[in-house]
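What follows is the content of upload18.cif, which has mmCIF, N, CA, C and O atoms:
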data_model
loop_
_atom_site.label_atom_id
_atom_site.label_comp_id
_atom_site.auth_asym_id
_atom_site.auth_seq_id
_atom_site.Cartn_x
_atom_site.Cartn_y
_atom_site.Cartn_z
N MET A 4 -47.85 10.82 -55.89
CA MET A 4 -47.13 12.07 -55.72
C MET A 4 -46.69 12.59 -57.09
O MET A 4 -46.16 11.84 -57.91
N ALA A 5 -46.91 13.83 -57.33
CA ALA A 5 -46.56 14.46 -58.60
C ALA A 5 -45.05 14.63 -58.71
O ALA A 5 -44.35 14.76 -57.71
N SER A 6 -44.57 14.63 -59.94
CA SER A 6 -43.14 14.81 -60.19
C SER A 6 -42.94 16.06 -61.04
O SER A 6 -43.91 16.65 -61.54
N GLU A 7 -41.67 16.43 -61.22
CA GLU A 7 -41.39 17.60 -62.06
C GLU A 7 -41.80 17.34 -63.50
O GLU A 7 -42.16 18.27 -64.23
N LYS A 8 -41.81 16.07 -63.92
CA LYS A 8 -42.27 15.74 -65.28
C LYS A 8 -43.77 15.98 -65.40
O LYS A 8 -44.24 16.45 -66.43
N ASP A 9 -44.51 15.64 -64.34
CA ASP A 9 -45.95 15.91 -64.34
C ASP A 9 -46.22 17.41 -64.44
O ASP A 9 -47.12 17.85 -65.16
N LEU A 10 -45.43 18.19 -63.71
CA LEU A 10 -45.56 19.64 -63.75
C LEU A 10 -45.31 20.17 -65.15
O LEU A 10 -46.10 20.96 -65.68
N ARG A 11 -44.24 19.71 -65.79
CA ARG A 11 -43.91 20.16 -67.14
C ARG A 11 -45.01 19.78 -68.13
O ARG A 11 -45.44 20.59 -68.94
N CYS A 12 -45.50 18.55 -68.04
CA CYS A 12 -46.56 18.09 -68.95
C CYS A 12 -47.83 18.91 -68.76
O CYS A 12 -48.49 19.28 -69.74
N LEU A 13 -48.19 19.19 -67.52
CA LEU A 13 -49.38 19.99 -67.25
C LEU A 13 -49.23 21.39 -67.82
O LEU A 13 -50.11 21.89 -68.50
N MET A 14 -48.09 22.02 -67.57
CA MET A 14 -47.89 23.38 -68.05
C MET A 14 -47.82 23.43 -69.57
O MET A 14 -48.25 24.40 -70.18
N ALA A 15 -47.31 22.37 -70.20
CA ALA A 15 -47.22 22.33 -71.66
C ALA A 15 -48.57 22.02 -72.29
O ALA A 15 -48.78 22.31 -73.48
N SER A 16 -49.50 21.45 -71.52
CA SER A 16 -50.79 21.05 -72.09
C SER A 16 -51.63 22.25 -72.52
O SER A 16 -52.45 22.14 -73.42
N ARG A 17 -51.43 23.39 -71.86
CA ARG A 17 -52.17 24.60 -72.21
C ARG A 17 -51.24 25.79 -72.13
O ARG A 17 -50.59 26.00 -71.12
N ARG A 18 -51.17 26.55 -73.19
CA ARG A 18 -50.35 27.76 -73.22
C ARG A 18 -51.09 28.85 -72.49
O ARG A 18 -52.02 29.46 -73.02
N LYS A 19 -50.73 29.06 -71.23
CA LYS A 19 -51.39 30.08 -70.44
C LYS A 19 -50.50 30.44 -69.27
O LYS A 19 -49.52 29.77 -68.99
N LEU A 20 -50.89 31.49 -68.57
CA LEU A 20 -50.25 31.82 -67.31
C LEU A 20 -50.97 31.03 -66.23
O LEU A 20 -52.19 31.04 -66.15
N TRP A 21 -50.21 30.34 -65.41
CA TRP A 21 -50.77 29.53 -64.34
C TRP A 21 -50.57 30.21 -63.00
O TRP A 21 -49.48 30.69 -62.71
N SER A 22 -51.58 30.22 -62.18
CA SER A 22 -51.39 30.67 -60.80
C SER A 22 -50.92 29.47 -59.99
O SER A 22 -51.22 28.32 -60.35
N PRO A 23 -50.20 29.71 -58.91
CA PRO A 23 -49.79 28.59 -58.07
C PRO A 23 -50.98 27.76 -57.57
O PRO A 23 -50.89 26.54 -57.49
N VAL A 24 -52.09 28.42 -57.30
CA VAL A 24 -53.28 27.71 -56.83
C VAL A 24 -53.79 26.74 -57.89
O VAL A 24 -54.13 25.60 -57.59
N GLU A 25 -53.84 27.20 -59.14
CA GLU A 25 -54.30 26.32 -60.23
C GLU A 25 -53.40 25.10 -60.37
O GLU A 25 -53.88 23.98 -60.53
N LEU A 26 -52.09 25.33 -60.32
CA LEU A 26 -51.15 24.22 -60.45
C LEU A 26 -51.30 23.25 -59.28
O LEU A 26 -51.28 22.03 -59.48
N CYS A 27 -51.45 23.78 -58.07
CA CYS A 27 -51.63 22.92 -56.89
C CYS A 27 -52.89 22.07 -57.02
O CYS A 27 -52.88 20.88 -56.72
N GLU A 28 -53.97 22.68 -57.48
CA GLU A 28 -55.23 21.95 -57.63
C GLU A 28 -55.11 20.87 -58.70
O GLU A 28 -55.57 19.75 -58.51
N GLU A 29 -54.51 21.20 -59.84
CA GLU A 29 -54.37 20.23 -60.93
C GLU A 29 -53.46 19.06 -60.56
O GLU A 29 -53.72 17.93 -60.93
N LEU A 30 -52.39 19.36 -59.83
CA LEU A 30 -51.44 18.31 -59.45
C LEU A 30 -51.79 17.66 -58.12
O LEU A 30 -51.17 16.67 -57.74
N ASP A 31 -52.75 18.24 -57.41
CA ASP A 31 -53.17 17.75 -56.10
C ASP A 31 -52.00 17.72 -55.12
O ASP A 31 -51.70 16.69 -54.50
N VAL A 32 -51.31 18.87 -55.02
CA VAL A 32 -50.18 19.01 -54.10
C VAL A 32 -50.32 20.30 -53.31
O VAL A 32 -51.02 21.22 -53.71
N HIS A 33 -49.63 20.37 -52.19
CA HIS A 33 -49.57 21.58 -51.37
C HIS A 33 -48.62 22.57 -52.04
O HIS A 33 -47.72 22.18 -52.79
N VAL A 34 -48.76 23.85 -51.76
CA VAL A 34 -47.93 24.88 -52.37
C VAL A 34 -46.44 24.67 -52.06
O VAL A 34 -45.59 24.97 -52.90
N CYS A 35 -46.12 24.13 -50.90
CA CYS A 35 -44.72 23.86 -50.57
C CYS A 35 -44.14 22.79 -51.49
O CYS A 35 -42.99 22.88 -51.92
N VAL A 36 -44.94 21.78 -51.79
CA VAL A 36 -44.51 20.73 -52.72
C VAL A 36 -44.36 21.31 -54.12
O VAL A 36 -43.41 20.98 -54.84
N LEU A 37 -45.28 22.20 -54.51
CA LEU A 37 -45.19 22.85 -55.81
C LEU A 37 -43.88 23.63 -55.93
O LEU A 37 -43.21 23.56 -56.97
N ALA A 38 -43.50 24.34 -54.89
CA ALA A 38 -42.25 25.10 -54.92
C ALA A 38 -41.06 24.17 -55.14
O ALA A 38 -40.15 24.48 -55.91
N ARG A 39 -41.07 23.01 -54.48
CA ARG A 39 -39.99 22.03 -54.67
C ARG A 39 -40.00 21.47 -56.09
O ARG A 39 -38.94 21.26 -56.70
N LEU A 40 -41.19 21.22 -56.63
CA LEU A 40 -41.30 20.69 -58.00
C LEU A 40 -40.77 21.70 -59.02
O LEU A 40 -40.06 21.33 -59.96
N VAL A 41 -41.12 22.97 -58.84
CA VAL A 41 -40.63 24.02 -59.74
C VAL A 41 -39.10 24.08 -59.66
O VAL A 41 -38.43 24.17 -60.69
N ASP A 42 -38.57 24.02 -58.46
CA ASP A 42 -37.11 24.07 -58.28
C ASP A 42 -36.43 22.88 -58.95
O ASP A 42 -35.45 23.04 -59.67
N LYS A 43 -36.97 21.68 -58.76
CA LYS A 43 -36.41 20.47 -59.38
C LYS A 43 -36.49 20.56 -60.91
O LYS A 43 -35.55 20.20 -61.61
N ALA A 44 -37.63 21.04 -61.41
CA ALA A 44 -37.81 21.15 -62.86
C ALA A 44 -36.82 22.15 -63.45
O ALA A 44 -36.22 21.89 -64.50
N ARG A 45 -36.62 23.26 -62.78
CA ARG A 45 -35.66 24.26 -63.26
C ARG A 45 -34.25 23.69 -63.27
O ARG A 45 -33.48 23.91 -64.21
N LYS A 46 -33.89 22.94 -62.22
CA LYS A 46 -32.56 22.32 -62.17
C LYS A 46 -32.39 21.28 -63.27
O LYS A 46 -31.27 21.03 -63.72
N ALA A 47 -33.51 20.67 -63.70
CA ALA A 47 -33.46 19.68 -64.78
C ALA A 47 -33.49 20.34 -66.16
O ALA A 47 -33.50 19.65 -67.18
N GLY A 48 -33.53 21.67 -66.20
CA GLY A 48 -33.47 22.38 -67.47
C GLY A 48 -34.78 22.87 -68.02
O GLY A 48 -34.83 23.42 -69.13
N VAL A 49 -35.87 22.70 -67.29
CA VAL A 49 -37.17 23.19 -67.75
C VAL A 49 -37.23 24.70 -67.49
O VAL A 49 -36.92 25.15 -66.39
N ASN A 50 -37.60 25.46 -68.50
CA ASN A 50 -37.60 26.91 -68.41
C ASN A 50 -38.95 27.42 -67.91
O ASN A 50 -39.82 27.80 -68.68
N ILE A 51 -39.12 27.41 -66.58
CA ILE A 51 -40.34 27.91 -65.96
C ILE A 51 -40.07 29.33 -65.50
O ILE A 51 -39.14 29.58 -64.74
N GLN A 52 -40.88 30.25 -65.97
CA GLN A 52 -40.73 31.67 -65.65
C GLN A 52 -41.86 32.10 -64.72
O GLN A 52 -42.94 31.50 -64.72
N MET A 53 -41.61 33.15 -63.94
CA MET A 53 -42.63 33.70 -63.05
C MET A 53 -42.71 35.20 -63.26
O MET A 53 -41.71 35.85 -63.49
N THR A 54 -43.92 35.72 -63.17
CA THR A 54 -44.12 37.16 -63.27
C THR A 54 -45.10 37.61 -62.20
O THR A 54 -45.92 36.83 -61.73
N ASN A 55 -44.99 38.85 -61.84
CA ASN A 55 -45.88 39.48 -60.88
C ASN A 55 -45.89 40.97 -61.24
O ASN A 55 -44.94 41.68 -60.94
N ASN A 56 -46.94 41.40 -61.92
CA ASN A 56 -46.99 42.79 -62.36
C ASN A 56 -48.43 43.28 -62.44
O ASN A 56 -49.36 42.59 -62.06
N GLU A 57 -48.59 44.48 -62.95
CA GLU A 57 -49.91 45.08 -63.05
C GLU A 57 -50.84 44.27 -63.96
O GLU A 57 -52.03 44.14 -63.68
N GLN A 58 -50.29 43.71 -65.04
CA GLN A 58 -51.11 42.93 -65.96
C GLN A 58 -51.68 41.66 -65.32
O GLN A 58 -52.72 41.17 -65.72
N THR A 59 -50.97 41.11 -64.34
CA THR A 59 -51.46 39.91 -63.66
C THR A 59 -52.18 40.24 -62.36
O THR A 59 -52.45 39.35 -61.56
N GLY A 60 -52.49 41.51 -62.17
CA GLY A 60 -53.18 41.93 -60.96
C GLY A 60 -52.29 41.81 -59.73
O GLY A 60 -52.76 41.60 -58.63
N HIS A 61 -50.99 41.95 -59.95
CA HIS A 61 -49.99 41.86 -58.88
C HIS A 61 -50.05 40.52 -58.15
O HIS A 61 -49.84 40.45 -56.94
N SER A 62 -50.38 39.46 -58.88
CA SER A 62 -50.34 38.11 -58.32
C SER A 62 -49.32 37.30 -59.11
O SER A 62 -49.05 37.58 -60.27
N ASN A 63 -48.74 36.31 -58.47
CA ASN A 63 -47.73 35.48 -59.12
C ASN A 63 -48.37 34.61 -60.19
O ASN A 63 -49.41 34.00 -59.96
N LYS A 64 -47.73 34.55 -61.34
CA LYS A 64 -48.16 33.69 -62.43
C LYS A 64 -46.92 32.99 -62.98
O LYS A 64 -45.85 33.57 -63.07
N LEU A 65 -47.08 31.73 -63.34
CA LEU A 65 -45.98 30.95 -63.89
C LEU A 65 -46.33 30.51 -65.30
O LEU A 65 -47.51 30.32 -65.62
N TRP A 66 -45.31 30.37 -66.14
CA TRP A 66 -45.54 29.85 -67.49
C TRP A 66 -44.31 29.09 -67.92
O TRP A 66 -43.21 29.26 -67.41
N LEU A 67 -44.54 28.23 -68.90
CA LEU A 67 -43.47 27.41 -69.46
C LEU A 67 -42.93 28.12 -70.70
O LEU A 67 -43.66 28.30 -71.67
N ALA A 68 -41.69 28.55 -70.63
CA ALA A 68 -41.08 29.30 -71.74
C ALA A 68 -40.24 28.34 -72.57
O ALA A 68 -39.04 28.25 -72.42
N GLU A 69 -40.90 27.58 -73.42
CA GLU A 69 -40.22 26.62 -74.29
C GLU A 69 -39.80 27.31 -75.58
O GLU A 69 -40.50 28.16 -76.09
N VAL A 70 -38.70 26.90 -76.11
CA VAL A 70 -38.18 27.50 -77.35
C VAL A 70 -38.66 26.68 -78.52
O VAL A 70 -38.79 25.52 -78.49
#

What's the C-alpha cells form of this structure?
Amino acid sequence: MASEKDLRCLMASRRKLWSPVELCEELDVHVCVLARLVDKARKAGVNIQMTNNEQTGHSNKLWLAEV
C-alpha cells in the first residue's frame, strides 16, 4: 500500500503537472486512496497544489510546490 511519502517522492521525481490518473497508475492505487494520500500529505506539510483551467484542458492537475 502506498503512503504519503511515496506520493511525495513520486511527485518530486519529475517536475511536471500530474493528472490523478497518472498518479493512481504509478502508485497502483484507486482514486479514492489517492485523495486520502493527498490529504494526509498536505496535513504533514507537503505543499501539493491543484489546478483546473484552460491551459490544462479543464482537467485536474496536481504538482508539488516545493520551495

What residues come out when you apply the PyMOL selection byres (((chain A and resi 44-58 and name CA) around 9) and name CA) to this file, written as a short mmCIF file (atom, residue, chain, number, x, y, z; two decimals) with N, CA, C and O atoms, in the frame of the given file?
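Wrote it out as result-v4.cif, contents follow:
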data_model
loop_
_atom_site.label_atom_id
_atom_site.label_comp_id
_atom_site.auth_asym_id
_atom_site.auth_seq_id
_atom_site.Cartn_x
_atom_site.Cartn_y
_atom_site.Cartn_z
N SER A 6 -44.57 14.63 -59.94
CA SER A 6 -43.14 14.81 -60.19
C SER A 6 -42.94 16.06 -61.04
O SER A 6 -43.91 16.65 -61.54
N GLU A 7 -41.67 16.43 -61.22
CA GLU A 7 -41.39 17.60 -62.06
C GLU A 7 -41.80 17.34 -63.50
O GLU A 7 -42.16 18.27 -64.23
N LYS A 8 -41.81 16.07 -63.92
CA LYS A 8 -42.27 15.74 -65.28
C LYS A 8 -43.77 15.98 -65.40
O LYS A 8 -44.24 16.45 -66.43
N LEU A 10 -45.43 18.19 -63.71
CA LEU A 10 -45.56 19.64 -63.75
C LEU A 10 -45.31 20.17 -65.15
O LEU A 10 -46.10 20.96 -65.68
N ARG A 11 -44.24 19.71 -65.79
CA ARG A 11 -43.91 20.16 -67.14
C ARG A 11 -45.01 19.78 -68.13
O ARG A 11 -45.44 20.59 -68.94
N LEU A 20 -50.89 31.49 -68.57
CA LEU A 20 -50.25 31.82 -67.31
C LEU A 20 -50.97 31.03 -66.23
O LEU A 20 -52.19 31.04 -66.15
N ARG A 39 -41.07 23.01 -54.48
CA ARG A 39 -39.99 22.03 -54.67
C ARG A 39 -40.00 21.47 -56.09
O ARG A 39 -38.94 21.26 -56.70
N LEU A 40 -41.19 21.22 -56.63
CA LEU A 40 -41.30 20.69 -58.00
C LEU A 40 -40.77 21.70 -59.02
O LEU A 40 -40.06 21.33 -59.96
N VAL A 41 -41.12 22.97 -58.84
CA VAL A 41 -40.63 24.02 -59.74
C VAL A 41 -39.10 24.08 -59.66
O VAL A 41 -38.43 24.17 -60.69
N ASP A 42 -38.57 24.02 -58.46
CA ASP A 42 -37.11 24.07 -58.28
C ASP A 42 -36.43 22.88 -58.95
O ASP A 42 -35.45 23.04 -59.67
N LYS A 43 -36.97 21.68 -58.76
CA LYS A 43 -36.41 20.47 -59.38
C LYS A 43 -36.49 20.56 -60.91
O LYS A 43 -35.55 20.20 -61.61
N THR A 59 -50.97 41.11 -64.34
CA THR A 59 -51.46 39.91 -63.66
C THR A 59 -52.18 40.24 -62.36
O THR A 59 -52.45 39.35 -61.56
N GLY A 60 -52.49 41.51 -62.17
CA GLY A 60 -53.18 41.93 -60.96
C GLY A 60 -52.29 41.81 -59.73
O GLY A 60 -52.76 41.60 -58.63
N HIS A 61 -50.99 41.95 -59.95
CA HIS A 61 -49.99 41.86 -58.88
C HIS A 61 -50.05 40.52 -58.15
O HIS A 61 -49.84 40.45 -56.94
N SER A 62 -50.38 39.46 -58.88
CA SER A 62 -50.34 38.11 -58.32
C SER A 62 -49.32 37.30 -59.11
O SER A 62 -49.05 37.58 -60.27
N ASN A 63 -48.74 36.31 -58.47
CA ASN A 63 -47.73 35.48 -59.12
C ASN A 63 -48.37 34.61 -60.19
O ASN A 63 -49.41 34.00 -59.96
N LYS A 64 -47.73 34.55 -61.34
CA LYS A 64 -48.16 33.69 -62.43
C LYS A 64 -46.92 32.99 -62.98
O LYS A 64 -45.85 33.57 -63.07
N LEU A 65 -47.08 31.73 -63.34
CA LEU A 65 -45.98 30.95 -63.89
C LEU A 65 -46.33 30.51 -65.30
O LEU A 65 -47.51 30.32 -65.62
N TRP A 66 -45.31 30.37 -66.14
CA TRP A 66 -45.54 29.85 -67.49
C TRP A 66 -44.31 29.09 -67.92
O TRP A 66 -43.21 29.26 -67.41
N LEU A 67 -44.54 28.23 -68.90
CA LEU A 67 -43.47 27.41 -69.46
C LEU A 67 -42.93 28.12 -70.70
O LEU A 67 -43.66 28.30 -71.67
N ALA A 68 -41.69 28.55 -70.63
CA ALA A 68 -41.08 29.30 -71.74
C ALA A 68 -40.24 28.34 -72.57
O ALA A 68 -39.04 28.25 -72.42
N GLU A 69 -40.90 27.58 -73.42
CA GLU A 69 -40.22 26.62 -74.29
C GLU A 69 -39.80 27.31 -75.58
O GLU A 69 -40.50 28.16 -76.09
N VAL A 70 -38.70 26.90 -76.11
CA VAL A 70 -38.18 27.50 -77.35
C VAL A 70 -38.66 26.68 -78.52
O VAL A 70 -38.79 25.52 -78.49
#

Any chance you could list, as a list in words, the residues in stretch 27-70 of chain A that come up alpha helix (DSSP H) when DSSP is run on the backbone?
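Selection result, alpha helix (DSSP H) within stretch 27-70 of chain A: Cys27, Glu28, Glu29, Leu30, Val34, Cys35, Val36, Leu37, Ala38, Arg39, Leu40, Val41, Asp42, Lys43, Ala44, Arg45 and Lys46 of chain A.
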
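Here the DSSP assignment of strand (DSSP E), based on backbone atoms, applies within stretch 7-70 of chain A to Ile51, Gln52, Met53, Thr54, Lys64, Leu65, Trp66 and Leu67 of chain A.
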
What is the atom N of A:Asp9-atom N of A:Val36 distance in Å, reported with one decimal?
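If I compute the distance from atom N of A:Asp9 to atom N of A:Val36, I get 14.0 Å.
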
Skip A:Cys27 itself and residues of its chain fewer than 5 positions away, then list as a ChimeraX atom specification all residues within 8 Å of it, counting only N, CA, C and O atoms.
/A:22,32-34,36-37

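One distance worth recording is that between atom CA of A:Ala38 and atom CA of A:Pro23, which is 8.9 Å.
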
To one decimal in Å, tell me the separation between atom CA of A:Lys19 and atom CA of A:Met4.
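Separation of atom CA of A:Lys19 and atom CA of A:Met4: 23.6 Å.
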